[in-house]
Structure formats: structure tokens, C-alpha cells
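For reference, data-v5.pdb is printed below; it contains PDB, C-alpha atoms and all ligand atoms.
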ATOM      1  CA  MET A 121     -83.885 115.285  29.215
ATOM      2  CA  ALA A 122     -81.451 114.305  26.496
ATOM      3  CA  ASP A 123     -78.734 116.451  24.968
ATOM      4  CA  ILE A 124     -79.635 117.207  21.371
ATOM      5  CA  ILE A 125     -77.010 116.204  18.810
ATOM      6  CA  ASN A 126     -76.897 119.191  16.494
ATOM      7  CA  GLY A 127     -76.147 117.670  13.087
ATOM      8  CA  LYS A 128     -76.925 120.909  11.317
ATOM      9  CA  GLU A 129     -74.211 122.796  13.201
ATOM     10  CA  LEU A 130     -71.668 119.976  12.886
ATOM     11  CA  ALA A 131     -72.316 119.714   9.159
ATOM     12  CA  LYS A 132     -71.829 123.470   8.783
ATOM     13  CA  ASN A 133     -68.393 123.234  10.445
ATOM     14  CA  ILE A 134     -67.425 120.300   8.230
ATOM     15  CA  ARG A 135     -68.473 122.223   5.113
ATOM     16  CA  GLN A 136     -66.445 125.228   6.254
ATOM     17  CA  ASN A 137     -63.299 123.116   6.710
ATOM     18  CA  LEU A 138     -63.852 121.480   3.343
ATOM     19  CA  LYS A 139     -64.075 124.882   1.677
ATOM     20  CA  GLY A 140     -60.520 125.551   2.878
ATOM     21  CA  GLU A 141     -59.351 122.205   1.479
ATOM     22  CA  VAL A 142     -61.042 122.842  -1.858
ATOM     23  CA  ASP A 143     -59.372 126.267  -2.068
ATOM     24  CA  LYS A 144     -55.993 124.552  -1.571
ATOM     25  CA  LEU A 145     -56.756 121.937  -4.245
ATOM     26  CA  LYS A 146     -57.743 124.686  -6.658
ATOM     27  CA  LYS A 147     -54.399 126.406  -6.087
ATOM     28  CA  ASN A 148     -52.819 123.145  -7.262
ATOM     29  CA  GLY A 149     -54.966 123.188 -10.383
ATOM     30  CA  ILE A 150     -57.569 120.659  -9.240
ATOM     31  CA  CYS A 151     -61.235 121.557  -9.033
ATOM     32  CA  PRO A 152     -63.221 118.738  -7.416
ATOM     33  CA  LYS A 153     -66.315 117.882  -9.415
ATOM     34  CA  LEU A 154     -69.382 115.791  -8.643
ATOM     35  CA  ALA A 155     -71.683 114.290 -11.280
ATOM     36  CA  VAL A 156     -75.196 113.413 -10.124
ATOM     37  CA  ILE A 157     -77.463 111.127 -12.143
ATOM     38  CA  MET A 158     -81.195 111.151 -11.546
ATOM     39  CA  VAL A 159     -83.574 108.855 -13.414
ATOM     40  CA  GLY A 160     -87.265 109.766 -13.530
ATOM     41  CA  ASP A 161     -89.143 112.164 -11.386
ATOM     42  CA  ASP A 162     -89.026 111.093  -7.730
ATOM     43  CA  LYS A 163     -90.137 114.078  -5.618
ATOM     44  CA  ALA A 164     -88.057 113.289  -2.515
ATOM     45  CA  SER A 165     -84.969 112.652  -4.668
ATOM     46  CA  LYS A 166     -85.331 116.103  -6.198
ATOM     47  CA  VAL A 167     -85.134 117.650  -2.720
ATOM     48  CA  TYR A 168     -82.094 115.544  -1.743
ATOM     49  CA  VAL A 169     -80.308 116.366  -5.000
ATOM     50  CA  LYS A 170     -81.032 120.080  -4.551
ATOM     51  CA  ASN A 171     -79.426 119.921  -1.071
ATOM     52  CA  LYS A 172     -76.374 118.216  -2.534
ATOM     53  CA  SER A 173     -75.981 120.813  -5.302
ATOM     54  CA  LYS A 174     -76.344 123.660  -2.778
ATOM     55  CA  ALA A 175     -73.611 122.150  -0.595
ATOM     56  CA  CYS A 176     -71.315 121.811  -3.626
ATOM     57  CA  GLU A 177     -71.876 125.433  -4.520
ATOM     58  CA  GLU A 178     -71.134 126.609  -0.977
ATOM     59  CA  ILE A 179     -67.875 124.658  -0.805
ATOM     60  CA  GLY A 180     -66.717 125.431  -4.336
ATOM     61  CA  ILE A 181     -67.119 121.915  -5.739
ATOM     62  CA  ASP A 182     -68.156 121.840  -9.404
ATOM     63  CA  TYR A 183     -71.432 120.080 -10.012
ATOM     64  CA  GLU A 184     -73.097 118.581 -13.090
ATOM     65  CA  GLU A 185     -76.521 116.989 -13.149
ATOM     66  CA  PHE A 186     -77.680 114.305 -15.579
ATOM     67  CA  LEU A 187     -81.458 113.941 -15.716
ATOM     68  CA  MET A 188     -82.572 110.774 -17.500
ATOM     69  CA  GLU A 189     -86.074 109.912 -18.674
ATOM     70  CA  GLU A 190     -88.064 107.363 -16.667
ATOM     71  CA  ASP A 191     -88.072 104.874 -19.611
ATOM     72  CA  ILE A 192     -84.331 104.702 -20.372
ATOM     73  CA  THR A 193     -82.788 101.250 -20.780
ATOM     74  CA  ILE A 194     -80.153  99.820 -18.471
ATOM     75  CA  ASN A 195     -77.655 100.029 -21.341
ATOM     76  CA  GLN A 196     -78.280 103.753 -21.746
ATOM     77  CA  LEU A 197     -77.670 104.230 -18.032
ATOM     78  CA  LEU A 198     -74.513 102.082 -18.103
ATOM     79  CA  ASP A 199     -73.240 104.010 -21.133
ATOM     80  CA  LEU A 200     -73.672 107.309 -19.300
ATOM     81  CA  ILE A 201     -71.795 105.942 -16.276
ATOM     82  CA  GLU A 202     -69.013 104.649 -18.539
ATOM     83  CA  ASN A 203     -68.745 108.074 -20.072
ATOM     84  CA  LEU A 204     -68.482 109.734 -16.638
ATOM     85  CA  ASN A 205     -65.951 107.114 -15.492
ATOM     86  CA  ASN A 206     -63.732 108.168 -18.402
ATOM     87  CA  ARG A 207     -64.019 111.904 -17.858
ATOM     88  CA  LYS A 208     -60.906 113.303 -16.201
ATOM     89  CA  ASP A 209     -62.714 116.417 -14.900
ATOM     90  CA  ILE A 210     -65.178 114.353 -12.833
ATOM     91  CA  HIS A 211     -64.007 112.985  -9.473
ATOM     92  CA  GLY A 212     -67.251 111.721  -7.954
ATOM     93  CA  ILE A 213     -70.303 110.015  -9.470
ATOM     94  CA  LEU A 214     -73.578 109.625  -7.605
ATOM     95  CA  LEU A 215     -76.616 107.764  -8.871
ATOM     96  CA  GLN A 216     -79.570 108.993  -6.841
ATOM     97  CA  SER A 217     -81.812 106.170  -5.690
ATOM     98  CA  PRO A 218     -84.522 105.065  -6.123
ATOM     99  CA  ILE A 219     -84.435 104.486  -9.872
ATOM    100  CA  PRO A 220     -87.321 102.943 -11.872
ATOM    101  CA  LYS A 221     -87.927  99.266 -11.121
ATOM    102  CA  HIS A 222     -87.028  97.991 -14.615
ATOM    103  CA  LEU A 223     -83.427  99.101 -14.026
ATOM    104  CA  ASP A 224     -81.104  96.919 -11.947
ATOM    105  CA  ILE A 225     -79.601  99.384  -9.489
ATOM    106  CA  ASN A 226     -76.860  96.997  -8.369
ATOM    107  CA  LYS A 227     -75.705  96.663 -11.971
ATOM    108  CA  ALA A 228     -75.534 100.452 -12.172
ATOM    109  CA  PHE A 229     -73.668 100.853  -8.862
ATOM    110  CA  SER A 230     -71.211  98.149  -9.969
ATOM    111  CA  LYS A 231     -70.512 100.089 -13.150
ATOM    112  CA  ILE A 232     -69.402 103.246 -11.287
ATOM    113  CA  ASP A 233     -65.587 103.304 -11.076
ATOM    114  CA  TYR A 234     -64.912 102.482  -7.419
ATOM    115  CA  ARG A 235     -62.445 105.383  -7.266
ATOM    116  CA  LYS A 236     -65.295 107.779  -8.143
ATOM    117  CA  ASP A 237     -67.933 105.970  -6.073
ATOM    118  CA  VAL A 238     -68.490 108.729  -3.497
ATOM    119  CA  ASP A 239     -71.646 107.014  -2.192
ATOM    120  CA  GLY A 240     -69.714 103.830  -1.356
ATOM    121  CA  PHE A 241     -72.250 101.550  -3.057
ATOM    122  CA  ASN A 242     -69.953  99.812  -5.551
ATOM    123  CA  PRO A 243     -69.297  96.218  -4.364
ATOM    124  CA  ILE A 244     -65.550  96.953  -4.256
ATOM    125  CA  ASN A 245     -66.116  99.670  -1.655
ATOM    126  CA  VAL A 246     -68.675  97.539   0.185
ATOM    127  CA  GLY A 247     -66.106  94.723   0.351
ATOM    128  CA  LYS A 248     -63.242  97.005   1.349
ATOM    129  CA  LEU A 249     -65.359  98.391   4.192
ATOM    130  CA  SER A 250     -66.059  94.890   5.466
ATOM    131  CA  ILE A 251     -62.366  93.944   5.551
ATOM    132  CA  GLY A 252     -61.298  97.271   7.063
ATOM    133  CA  GLU A 253     -59.500  98.767   4.044
ATOM    134  CA  ASP A 254     -59.532 102.439   3.172
ATOM    135  CA  CYS A 255     -62.545 103.088   0.931
ATOM    136  CA  PHE A 256     -65.525 105.311   0.327
ATOM    137  CA  VAL A 257     -68.006 104.741   3.139
ATOM    138  CA  SER A 258     -71.701 105.223   2.481
ATOM    139  CA  CYS A 259     -72.502 108.797   3.566
ATOM    140  CA  THR A 260     -75.216 108.257   6.195
ATOM    141  CA  PRO A 261     -73.257 105.659   8.243
ATOM    142  CA  PHE A 262     -70.139 107.814   7.820
ATOM    143  CA  GLY A 263     -72.075 110.840   9.120
ATOM    144  CA  ILE A 264     -73.327 108.874  12.131
ATOM    145  CA  VAL A 265     -69.769 107.822  13.005
ATOM    146  CA  LYS A 266     -68.674 111.471  12.785
ATOM    147  CA  MET A 267     -71.523 112.636  15.036
ATOM    148  CA  LEU A 268     -70.700 110.054  17.700
ATOM    149  CA  GLU A 269     -67.018 111.041  17.557
ATOM    150  CA  GLU A 270     -67.752 114.761  17.787
ATOM    151  CA  TYR A 271     -69.935 114.237  20.849
ATOM    152  CA  ASN A 272     -67.341 111.920  22.434
ATOM    153  CA  ILE A 273     -69.816 109.050  22.549
ATOM    154  CA  ASP A 274     -67.785 105.888  22.958
ATOM    155  CA  VAL A 275     -69.001 102.841  21.016
ATOM    156  CA  GLN A 276     -66.462 100.324  22.329
ATOM    157  CA  GLY A 277     -68.130  97.449  24.156
ATOM    158  CA  LYS A 278     -71.568  99.071  23.873
ATOM    159  CA  ASN A 279     -74.719  97.342  22.711
ATOM    160  CA  VAL A 280     -75.477  98.965  19.371
ATOM    161  CA  VAL A 281     -78.875  98.082  17.946
ATOM    162  CA  ILE A 282     -79.650  99.045  14.348
ATOM    163  CA  ILE A 283     -83.237  98.959  13.064
ATOM    164  CA  GLY A 284     -83.303  98.522   9.266
ATOM    165  CA  ARG A 285     -81.133  96.419   6.966
ATOM    166  CA  SER A 286     -80.890  98.525   3.792
ATOM    167  CA  ASN A 287     -77.767  98.451   1.655
ATOM    168  CA  ILE A 288     -77.570 102.247   1.996
ATOM    169  CA  VAL A 289     -77.712 102.541   5.791
ATOM    170  CA  GLY A 290     -78.279  99.434   7.934
ATOM    171  CA  LYS A 291     -75.741  97.059   6.403
ATOM    172  CA  PRO A 292     -72.792  99.473   6.102
ATOM    173  CA  LEU A 293     -73.554 100.683   9.633
ATOM    174  CA  ILE A 294     -72.901  97.175  10.929
ATOM    175  CA  GLN A 295     -69.318  97.428   9.651
ATOM    176  CA  CYS A 296     -68.849 100.984  10.926
ATOM    177  CA  MET A 297     -70.035 100.089  14.417
ATOM    178  CA  LEU A 298     -67.979  96.865  14.468
ATOM    179  CA  LYS A 299     -64.910  98.891  13.538
ATOM    180  CA  LYS A 300     -65.591 100.979  16.649
ATOM    181  CA  ASN A 301     -65.708  97.756  18.701
ATOM    182  CA  GLY A 302     -69.440  97.912  19.330
ATOM    183  CA  THR A 303     -71.515  94.797  19.961
ATOM    184  CA  VAL A 304     -73.895  95.019  17.044
ATOM    185  CA  THR A 305     -77.423  93.673  16.641
ATOM    186  CA  ILE A 306     -79.541  94.319  13.567
ATOM    187  CA  CYS A 307     -83.343  94.260  13.589
ATOM    188  CA  HIS A 308     -85.664  94.349  10.580
ATOM    189  CA  SER A 309     -89.241  93.796   9.486
ATOM    190  CA  LYS A 310     -89.131  90.058  10.320
ATOM    191  CA  THR A 311     -87.532  90.460  13.751
ATOM    192  CA  GLU A 312     -89.631  89.002  16.546
ATOM    193  CA  ASN A 313     -90.094  90.865  19.804
ATOM    194  CA  ILE A 314     -88.115  93.875  18.662
ATOM    195  CA  LYS A 315     -88.826  95.765  21.903
ATOM    196  CA  LYS A 316     -86.893  93.207  23.932
ATOM    197  CA  ILE A 317     -83.830  93.840  21.747
ATOM    198  CA  THR A 318     -84.031  97.628  21.522
ATOM    199  CA  ALA A 319     -84.593  97.963  25.287
ATOM    200  CA  ASP A 320     -81.082  96.613  25.781
ATOM    201  CA  ALA A 321     -79.442  99.097  23.405
ATOM    202  CA  ASP A 322     -76.878 101.595  24.680
ATOM    203  CA  ILE A 323     -76.912 103.116  21.209
ATOM    204  CA  LEU A 324     -80.103 102.723  19.175
ATOM    205  CA  ILE A 325     -80.059 103.672  15.499
ATOM    206  CA  SER A 326     -83.324 103.633  13.606
ATOM    207  CA  ALA A 327     -83.393 103.582   9.808
ATOM    208  CA  ILE A 328     -86.731 102.000   9.081
ATOM    209  CA  GLY A 329     -88.755 104.853   7.582
ATOM    210  CA  LYS A 330     -91.822 104.742   9.840
ATOM    211  CA  ALA A 331     -92.956 107.752  11.850
ATOM    212  CA  LYS A 332     -93.100 107.192  15.636
ATOM    213  CA  PHE A 333     -91.836 103.621  15.267
ATOM    214  CA  VAL A 334     -89.453 103.982  18.210
ATOM    215  CA  THR A 335     -91.514 104.651  21.319
ATOM    216  CA  GLN A 336     -90.443 105.402  24.878
ATOM    217  CA  ASP A 337     -91.059 101.853  26.105
ATOM    218  CA  MET A 338     -88.559 100.508  23.532
ATOM    219  CA  VAL A 339     -85.691 102.564  24.929
ATOM    220  CA  LYS A 340     -83.331 102.049  27.845
ATOM    221  CA  ASN A 341     -82.741 104.893  30.310
ATOM    222  CA  GLY A 342     -79.719 106.909  29.202
ATOM    223  CA  ALA A 343     -79.536 105.409  25.698
ATOM    224  CA  VAL A 344     -78.109 107.321  22.739
ATOM    225  CA  ILE A 345     -80.753 107.630  20.002
ATOM    226  CA  ILE A 346     -79.827 108.200  16.370
ATOM    227  CA  ASP A 347     -82.795 108.808  14.064
ATOM    228  CA  VAL A 348     -82.141 108.251  10.357
ATOM    229  CA  GLY A 349     -85.812 108.322   9.326
ATOM    230  CA  ILE A 350     -87.250 110.995   7.060
ATOM    231  CA  ASN A 351     -91.024 110.628   7.033
ATOM    232  CA  ARG A 352     -93.997 112.912   6.548
ATOM    233  CA  ASN A 353     -96.608 112.914   9.296
ATOM    234  CA  ASN A 354    -100.350 113.499   8.774
ATOM    235  CA  GLU A 355     -99.822 117.262   8.746
ATOM    236  CA  GLY A 356     -97.172 116.964   6.028
ATOM    237  CA  LYS A 357     -94.360 117.802   8.456
ATOM    238  CA  ILE A 358     -90.998 116.017   8.170
ATOM    239  CA  VAL A 359     -90.476 113.689  11.149
ATOM    240  CA  GLY A 360     -88.070 110.866  11.974
ATOM    241  CA  ASP A 361     -88.662 107.270  13.094
ATOM    242  CA  VAL A 362     -88.544 108.205  16.755
ATOM    243  CA  ASP A 363     -91.345 109.545  18.943
ATOM    244  CA  PHE A 364     -89.020 112.424  19.797
ATOM    245  CA  GLU A 365     -91.008 114.195  22.526
ATOM    246  CA  ASN A 366     -91.364 111.113  24.678
ATOM    247  CA  VAL A 367     -88.098 109.315  23.911
ATOM    248  CA  GLU A 368     -86.098 112.488  24.582
ATOM    249  CA  LYS A 369     -87.143 112.296  28.251
ATOM    250  CA  LYS A 370     -85.408 108.941  28.638
ATOM    251  CA  ALA A 371     -82.350 109.248  26.370
ATOM    252  CA  SER A 372     -78.923 110.738  27.133
ATOM    253  CA  TYR A 373     -78.404 111.996  23.572
ATOM    254  CA  ILE A 374     -80.803 112.201  20.647
ATOM    255  CA  THR A 375     -80.677 113.443  17.057
ATOM    256  CA  PRO A 376     -83.552 115.643  15.865
ATOM    257  CA  VAL A 377     -85.314 115.362  12.492
ATOM    258  CA  PRO A 378     -84.788 117.598  10.650
ATOM    259  CA  GLY A 379     -81.341 118.896  11.627
ATOM    260  CA  GLY A 380     -79.702 115.646  12.735
ATOM    261  CA  VAL A 381     -78.459 112.889  10.448
ATOM    262  CA  GLY A 382     -79.696 114.477   7.177
ATOM    263  CA  PRO A 383     -77.248 117.414   6.974
ATOM    264  CA  MET A 384     -74.419 115.111   8.073
ATOM    265  CA  THR A 385     -75.128 112.775   5.128
ATOM    266  CA  VAL A 386     -74.692 115.655   2.700
ATOM    267  CA  ALA A 387     -71.541 116.903   4.485
ATOM    268  CA  MET A 388     -69.961 113.434   4.286
ATOM    269  CA  LEU A 389     -70.760 113.252   0.585
ATOM    270  CA  MET A 390     -68.822 116.488   0.177
ATOM    271  CA  GLU A 391     -65.958 114.988   2.190
ATOM    272  CA  ASN A 392     -65.953 111.949  -0.098
ATOM    273  CA  VAL A 393     -65.832 114.116  -3.228
ATOM    274  CA  VAL A 394     -62.833 116.022  -1.848
ATOM    275  CA  LYS A 395     -61.197 112.693  -0.950
ATOM    276  CA  ALA A 396     -61.797 111.403  -4.511
ATOM    277  CA  ALA A 397     -60.191 114.537  -5.963
ATOM    278  CA  LYS A 398     -57.189 114.213  -3.623
ATOM    279  CA  ASN A 399     -56.795 110.517  -4.486
ATOM    280  CA  MET A 400     -56.619 111.403  -8.148
ATOM    281  CA  GLU A 401     -53.906 113.953  -7.403
ATOM    282  CA  LYS A 402     -51.677 111.207  -5.953
TER     283      LYS A 402
HETATM  284  N1  LIG B 501     -81.394 107.754  -1.759
HETATM  285  C1  LIG B 501     -81.615 107.898  -0.446
HETATM  286  N2  LIG B 501     -80.445 108.125   0.195
HETATM  287  C2  LIG B 501     -79.481 108.107  -0.747
HETATM  288  C3  LIG B 501     -78.076 108.270  -0.705
HETATM  289  O1  LIG B 501     -77.448 108.478   0.345
HETATM  290  N3  LIG B 501     -77.440 108.188  -1.891
HETATM  291  C4  LIG B 501     -78.097 107.972  -3.050
HETATM  292  N4  LIG B 501     -77.384 107.881  -4.164
HETATM  293  N5  LIG B 501     -79.392 107.796  -3.130
HETATM  294  C5  LIG B 501     -80.082 107.883  -1.976
END
Would you mind writing the structure in this file as C-alpha cells?
Amino acid sequence: MADIINGKELAKNIRQNLKGEVDKLKKNGICPKLAVIMVGDDKASKVYVKNKSKACEEIGIDYEEFLMEEDITINQLLDLIENLNNRKDIHGILLQSPIPKHLDINKAFSKIDYRKDVDGFNPINVGKLSIGEDCFVSCTPFGIVKMLEEYNIDVQGKNVVIIGRSNIVGKPLIQCMLKKNGTVTICHSKTENIKKITADADILISAIGKAKFVTQDMVKNGAVIIDVGINRNNEGKIVGDVDFENVEKKASYITPVPGGVGPMTVAMLMENVVKAAKNMEK
């Protein structure tokens, strides 16, 4: 039976520490503030954004939401971002994805001032991450790194297999795991014989968005399993990518869904907002 990596508890501790840091910043006259932009009416996004605003409130970070109509033009979105870039009271800007298809999300991410890009999606931060410079790291990969560190799980020399190549999770994770001296393999929808690759993983990270995609036969005995998936099963329950009940029997560590990677993502966003506010103080 695997040890369960308790992301919920870890995230709570991180938020508590951050509250202390925010209190200190406030004594120096700085109140960290996050601006969140949402375009359209995506149901899942609404839940994620609510979690982010709740975390801000708990820690004492100011929060402002910008809800844009589904049919806005790219120029309207870029103008809003420009406006937020110029506002001195705002330290972090987050554009919740997905956004409607007629809007070029990369154009929008590129417009966010990289010093306020708390999601780490601006190409400057993406590039800095790949050359090992200090930057904002995308929150889910950052949260996974933190979880592994907190549980003293060593990445050096290990076979790390990532399933999923999104710009938000899979690709930045490659850099994060390389930085930890892991031997990294990335699998995706066109990968052939995926089982052969995952069965060799010491650390298996799934971010593919398919319930029960990772089955027991795909996993090596004693592997560490990190489940980034957030899916709804037939009963409407939130589940990850991993067939938890069966994989847990074979793994050494495993993250649950919910209560694993999700709360860590939000906690790392909070950490990035505090970092942005501190950077501006310098
Ligand atoms: N959509 C799904 N995950 C994320 C995230 O981490 N950040 C943003 N901005 N949008 C998302």
C-alpha cells in the first residue's frame, strides 16, 4: 500500500506561512494584489477561480476579478491587460484558461508583463525556466516539485515519465524535473506503446485528463504516482487520471484526487503573487 501524499495539508501549511509574509509586507505598506481575468462562462473555470479568490482572502491578498463577455475582441482583451500592467496596485495578473477559440491565448499571455505573470505562461518566463534563471514557474509543476521535496522524494537520476504535453503542465514539468536531475520522458496522445514506457517510471506524472487512464499494469512496483487529472466520472464525482484503488497497491507514494495536486496549484499561485509583490518592493 502506498503512502498518500497529502496535498491538502501541505497547501494549508504553505498558505499559513504566506499569511505571515503578507502581514510583514503590509507593515511595509505593500498589499499584494492579484487580478484575475475570465472570458466567457466556462463552468470548471468558475470553480477554479472561486478557489483562488478564497485562498487570497484567507492569506490577506487583495483580489480583483475582471469578467469579460464571450464575444470580446482580442484587442479589448489586450487593452485590459495593458491597463492592468500599468496599475501600480496590482502585482499579479492571471488569465484563466480556456478562453473562447476566436482569441489567441498566446498573444494574451505574451501581453502580460512578465514581472506580473504569476502563472508563468509569458514566453519570457517560459524561456527563463528553460535556461535555469529565476522566474515565475507555472503553478502546477511548481506545486509538484514542492510536494516531492516535502516528502523527501529524490528525483536525481530517476526515470521520470510525464503523460501529457500541455503548455500549462507537461512542458514546464520537463524543465522542473530536469532541474532536479531526473531522466525525463514525455508521452502524449501519439506515443506508441505507452505502457512499455510508463512501466519503467520511478516517478510517473499523469496530466492527460482521462479518468482511469493509468492502470495497475502500467506502473512499476514502488513507483511514485502524481495525478494531475481532474475528471468527472459517470456518477459526477471528481476523479484523477489514475485508477487509484488498484494503482495504490503497487505504488510507494500516490497523490489523491481531490486533495493532491489541486490545492498545491492554488498555494503556489499565492506564493507567486507574494513573490511578485516582493520583487516590486526591491
Ligand atoms: N486553466 C487550467 N489550469 C489553469 C492554470 O493553472 N492557470 C490558468 N490561468 N488557467 C488554467
- request: Could you give me the residues within 7 Å of ligand LIG 501 (chain B), counting only C-alpha atoms and all ligand atoms, as a PyMOL selection string?
  value: chain A and resi 165+214-218+239+258-260+288+385
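Using all atoms listed in the file, the nearest neighbour of Gly380 (chain A) within the list A:Leu268, A:Lys310, A:Ala319, A:Gln136 is A:Leu268.
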Mind telling me what the PyMOL selection byres (((chain A and resi 162) around 12) and not hetatm) catches here, as an mmCIF file with C-alpha atoms, in the frame of the given file?
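Output contents, as saved in out-v6.cif:
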data_model
loop_
_atom_site.group_PDB
_atom_site.id
_atom_site.type_symbol
_atom_site.label_atom_id
_atom_site.label_comp_id
_atom_site.auth_asym_id
_atom_site.auth_seq_id
_atom_site.Cartn_x
_atom_site.Cartn_y
_atom_site.Cartn_z
ATOM 1 C CA MET A 158 -81.195 111.151 -11.546
ATOM 2 C CA VAL A 159 -83.574 108.855 -13.414
ATOM 3 C CA GLY A 160 -87.265 109.766 -13.530
ATOM 4 C CA ASP A 161 -89.143 112.164 -11.386
ATOM 5 C CA LYS A 163 -90.137 114.078 -5.618
ATOM 6 C CA ALA A 164 -88.057 113.289 -2.515
ATOM 7 C CA SER A 165 -84.969 112.652 -4.668
ATOM 8 C CA LYS A 166 -85.331 116.103 -6.198
ATOM 9 C CA VAL A 167 -85.134 117.650 -2.720
ATOM 10 C CA TYR A 168 -82.094 115.544 -1.743
ATOM 11 C CA VAL A 169 -80.308 116.366 -5.000
ATOM 12 C CA LEU A 187 -81.458 113.941 -15.716
ATOM 13 C CA MET A 188 -82.572 110.774 -17.500
ATOM 14 C CA GLU A 189 -86.074 109.912 -18.674
ATOM 15 C CA GLU A 190 -88.064 107.363 -16.667
ATOM 16 C CA GLN A 216 -79.570 108.993 -6.841
ATOM 17 C CA SER A 217 -81.812 106.170 -5.690
ATOM 18 C CA PRO A 218 -84.522 105.065 -6.123
ATOM 19 C CA ILE A 219 -84.435 104.486 -9.872
ATOM 20 C CA PRO A 220 -87.321 102.943 -11.872
#
message: Distance cut-off 8 Å, centre (-69.7, 94.4, -7.4) in file coordinates, counting only C-alpha atoms: which residues qualify? Return them as a PyMOL selection string.
response: chain A and resi 226-227+229-230+242-244
Restricting the output to C-alpha atoms, write the selected residues as an mmCIF file, in the coordinates of the input.
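Resulting contents of selection.cif:
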data_model
loop_
_atom_site.group_PDB
_atom_site.id
_atom_site.type_symbol
_atom_site.label_atom_id
_atom_site.label_comp_id
_atom_site.auth_asym_id
_atom_site.auth_seq_id
_atom_site.Cartn_x
_atom_site.Cartn_y
_atom_site.Cartn_z
ATOM 1 C CA ASN A 226 -76.860 96.997 -8.369
ATOM 2 C CA LYS A 227 -75.705 96.663 -11.971
ATOM 3 C CA PHE A 229 -73.668 100.853 -8.862
ATOM 4 C CA SER A 230 -71.211 98.149 -9.969
ATOM 5 C CA ASN A 242 -69.953 99.812 -5.551
ATOM 6 C CA PRO A 243 -69.297 96.218 -4.364
ATOM 7 C CA ILE A 244 -65.550 96.953 -4.256
#
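Interatomic distance, CA of Ala397 (chain A) to CA of Pro383 (chain A): 21.6 Å.
With the shown file loaded, the PyMOL selection byres (((chain A and resi 156) around 7) and not hetatm) picks out A:Leu154, A:Ala155, A:Ile157, A:Met158, A:Glu184, A:Glu185, A:Phe186, A:Ile213, A:Leu214, A:Leu215.
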query: What is the distance, in Å and to one decimal place, between CA of Asn351 (chain A) and CA of Asn287 (chain A)?
result: 18.8 Å
